[in-house]
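Here is the structure we will look at, set down as structure tokens.
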Amino acid sequence: MNFDISRRRMVETQVVARGIKDRRVIDAMLRIPRHLFVQEAMASQAYNDTSLPIGEKQTISQPHIVALMSEMLELKGPERVLEIGTGSGYQAALLSCLADRVYTIERIPSLASKARKLFDTLGLTNISMKIDDGTAGWDSEAPFDAIIVTAGAPDLPEQLFHQLVAGGRLLVPIGDDHSQELTMVTKFEDGSRTVEKSTPCRFVKLIGKDGWSAPA
């Protein structure tokens, strides 16, 4: 299978054709080899328009959703970005092409280990990672210009909001355990916020103190 051809076709049909216009996001999607971030047995499906299991009851999101969320952050290059839910590492890898520094938190050690190895293999040296409860954020590295949550939350994780710079943007899927809406929260100088809901989506649960309880 020619993964380069498949990746270009993915970008043409699932990203550009569906309204993604940010050239930097498009270039990042062309650059990062998505097939490396899925289970080896599913590599042939990596560029399909679907989410895929990555183990530990977690998934890698469909390409269009990843591109859409990346574009919604409106990154220009010098930003420091926090990602909650490293998962396969694919979203963090794309963000590393769009921002100066990426911080990513994963609660499942086996997934974090795999992602770290991929970052090192691909030479993505501007990604820092830790294993922790992502809903608590990364206080020692705060504040962040943008925060992206790649799991569905029952409500806005307030601790993450407080770790934004003034003017910063927090993107999080909010809803129940079956469906959510992408929600953009913008912070202002006085600590107030605007909240804008947009695209319906479905993510795995955000587990943590300010998310859902871990399954028994």
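Going by the structure tokens order, chains are called A, B, ..., each with residues numbered from 1, while ligands are numbered from 1 in the order shown.
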For A:Asp4: contacts at 12 Å, only C-alpha atoms, fewer than 2 positions along chain excluded, given as a list in words: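 Here the answer would be Met1, Asn2, Ser6, Arg7, Arg8, Arg9, Met10, Val11, Met29, Leu30, Arg31, Ile32, Pro33, Arg34, His35, Ser44, Ala46 and Tyr47 of chain A.
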Preceding selection exported with N, CA and C atoms as a compact mmCIF listing (two decimals), in the first residue's frame:
```
# COMPACT_ATOMS: atom_id res chain seq x y z
N MET A 1 0.84 -1.20 0.00
CA MET A 1 0.00 0.00 0.00
C MET A 1 0.88 1.25 0.00
N ASN A 2 0.55 2.20 -0.87
CA ASN A 2 1.30 3.45 -0.93
C ASN A 2 0.67 4.45 0.03
N SER A 6 -2.28 7.55 -0.27
CA SER A 6 -3.46 7.47 0.59
C SER A 6 -3.60 8.71 1.45
N ARG A 7 -2.47 9.22 1.95
CA ARG A 7 -2.51 10.41 2.79
C ARG A 7 -2.94 11.63 1.98
N ARG A 8 -2.42 11.78 0.79
CA ARG A 8 -2.83 12.91 -0.06
C ARG A 8 -4.31 12.83 -0.40
N ARG A 9 -4.78 11.62 -0.68
CA ARG A 9 -6.20 11.45 -0.99
C ARG A 9 -7.06 11.78 0.23
N MET A 10 -6.61 11.38 1.41
CA MET A 10 -7.32 11.71 2.64
C MET A 10 -7.46 13.22 2.80
N VAL A 11 -6.36 13.93 2.59
CA VAL A 11 -6.38 15.38 2.75
C VAL A 11 -7.30 16.03 1.71
N MET A 29 -1.26 17.88 8.03
CA MET A 29 -1.95 16.61 7.74
C MET A 29 -1.23 15.85 6.63
N LEU A 30 -0.65 16.57 5.69
CA LEU A 30 0.12 15.93 4.63
C LEU A 30 1.45 15.39 5.15
N ARG A 31 1.99 16.04 6.13
CA ARG A 31 3.33 15.69 6.63
C ARG A 31 3.30 14.49 7.59
N ILE A 32 2.37 14.47 8.52
CA ILE A 32 2.39 13.47 9.59
C ILE A 32 1.78 12.15 9.11
N PRO A 33 2.52 11.05 9.17
CA PRO A 33 2.05 9.74 8.67
C PRO A 33 1.06 9.08 9.64
N ARG A 34 -0.21 9.25 9.39
CA ARG A 34 -1.25 8.76 10.31
C ARG A 34 -1.17 7.25 10.53
N HIS A 35 -0.70 6.53 9.50
CA HIS A 35 -0.68 5.06 9.63
C HIS A 35 0.27 4.58 10.74
N SER A 44 -3.76 -0.29 7.01
CA SER A 44 -4.39 -0.11 5.70
C SER A 44 -5.66 0.74 5.80
N ALA A 46 -5.86 3.40 7.93
CA ALA A 46 -5.47 4.62 8.63
C ALA A 46 -5.99 5.89 7.96
N TYR A 47 -6.15 5.87 6.65
CA TYR A 47 -6.53 7.09 5.93
C TYR A 47 -8.00 7.09 5.53
```
Per-residue DSSP, stretch 34-211 of chain A, filtered to helix (DSSP H, G or I), as an MDAnalysis selection string: chainID A and resid 34:37 40:45 63:72 90:98 109:121 134:136 139:141 158:162
For A:Val25, the nearest of the candidates A:Glu40, A:Glu189, A:Asp132, A:Glu74, counting only C-alpha atoms: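 Under the stated criterion, the closest residue is A:Glu74.
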Residues within 12 Å of A:Asp176, only C-alpha atoms, excluding chain neighbours under 6 positions, as a PyMOL selection string: chain A and resi 151-155+200-206+211-212
Neighbour list for A:Ile105 as a PyMOL selection string, cut-off 7 Å, only C-alpha atoms, skip fewer than 5 positions in-chain: chain A and resi 83-86+129-132+134
Atom CA of A:Pro215 to atom CA of A:Gln180, distance in Å rounded to a single decimal: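 One can read the atom CA of A:Pro215 to atom CA of A:Gln180 distance as 19.3 Å.
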DSSP strand (DSSP E) selection over stretch 87-137 of chain A, as a ChimeraX atom specification: /A:101-106,127-131
Filtering to N, CA and C atoms, could you give me those residues as a short mmCIF file (atom, residue, chain, number, x, y, z; two decimals), in the first residue's frame?
```cif
data_model
loop_
_atom_site.label_atom_id
_atom_site.label_comp_id
_atom_site.auth_asym_id
_atom_site.auth_seq_id
_atom_site.Cartn_x
_atom_site.Cartn_y
_atom_site.Cartn_z
N ARG A 101 5.46 25.08 21.02
CA ARG A 101 5.65 24.07 22.06
C ARG A 101 4.32 23.39 22.37
N VAL A 102 4.34 22.08 22.47
CA VAL A 102 3.15 21.29 22.78
C VAL A 102 3.39 20.52 24.08
N TYR A 103 2.43 20.61 24.97
CA TYR A 103 2.43 19.84 26.21
C TYR A 103 1.23 18.91 26.15
N THR A 104 1.42 17.63 26.39
CA THR A 104 0.32 16.68 26.26
C THR A 104 0.29 15.74 27.45
N ILE A 105 -0.93 15.45 27.93
CA ILE A 105 -1.12 14.63 29.12
C ILE A 105 -1.95 13.40 28.77
N GLU A 106 -1.48 12.24 29.18
CA GLU A 106 -2.19 10.98 28.96
C GLU A 106 -2.28 10.24 30.29
N ILE A 127 7.62 18.47 21.78
CA ILE A 127 6.49 17.91 22.52
C ILE A 127 6.97 17.42 23.88
N SER A 128 6.35 17.94 24.95
CA SER A 128 6.58 17.44 26.30
C SER A 128 5.36 16.64 26.73
N MET A 129 5.57 15.56 27.48
CA MET A 129 4.48 14.68 27.86
C MET A 129 4.59 14.28 29.32
N LYS A 130 3.43 14.05 29.93
CA LYS A 130 3.42 13.43 31.26
C LYS A 130 2.19 12.56 31.40
N ILE A 131 2.26 11.62 32.34
CA ILE A 131 1.15 10.73 32.66
C ILE A 131 0.48 11.27 33.91
#
```
At most 7 Å is the cut-off: for each residue in stretch 22-112 of chain A with any atom that close to an atom of stretch 136-147 of chain A, write down the nearest atom pair and the distance in Å rounded to one decimal, counting only C-alpha atoms, chain first then increasing number, as JSON lines.
```
{"residue": "A:Leu73", "atom": "CA", "partner": "A:Ala146", "partner_atom": "CA", "distance": 6.8}
{"residue": "A:Glu79", "atom": "CA", "partner": "A:Asp145", "partner_atom": "CA", "distance": 5.7}
{"residue": "A:Arg80", "atom": "CA", "partner": "A:Phe144", "partner_atom": "CA", "distance": 5.4}
{"residue": "A:Val81", "atom": "CA", "partner": "A:Ala146", "partner_atom": "CA", "distance": 4.9}
{"residue": "A:Leu82", "atom": "CA", "partner": "A:Ile147", "partner_atom": "CA", "distance": 4.7}
{"residue": "A:Glu83", "atom": "CA", "partner": "A:Ile147", "partner_atom": "CA", "distance": 5.8}
```
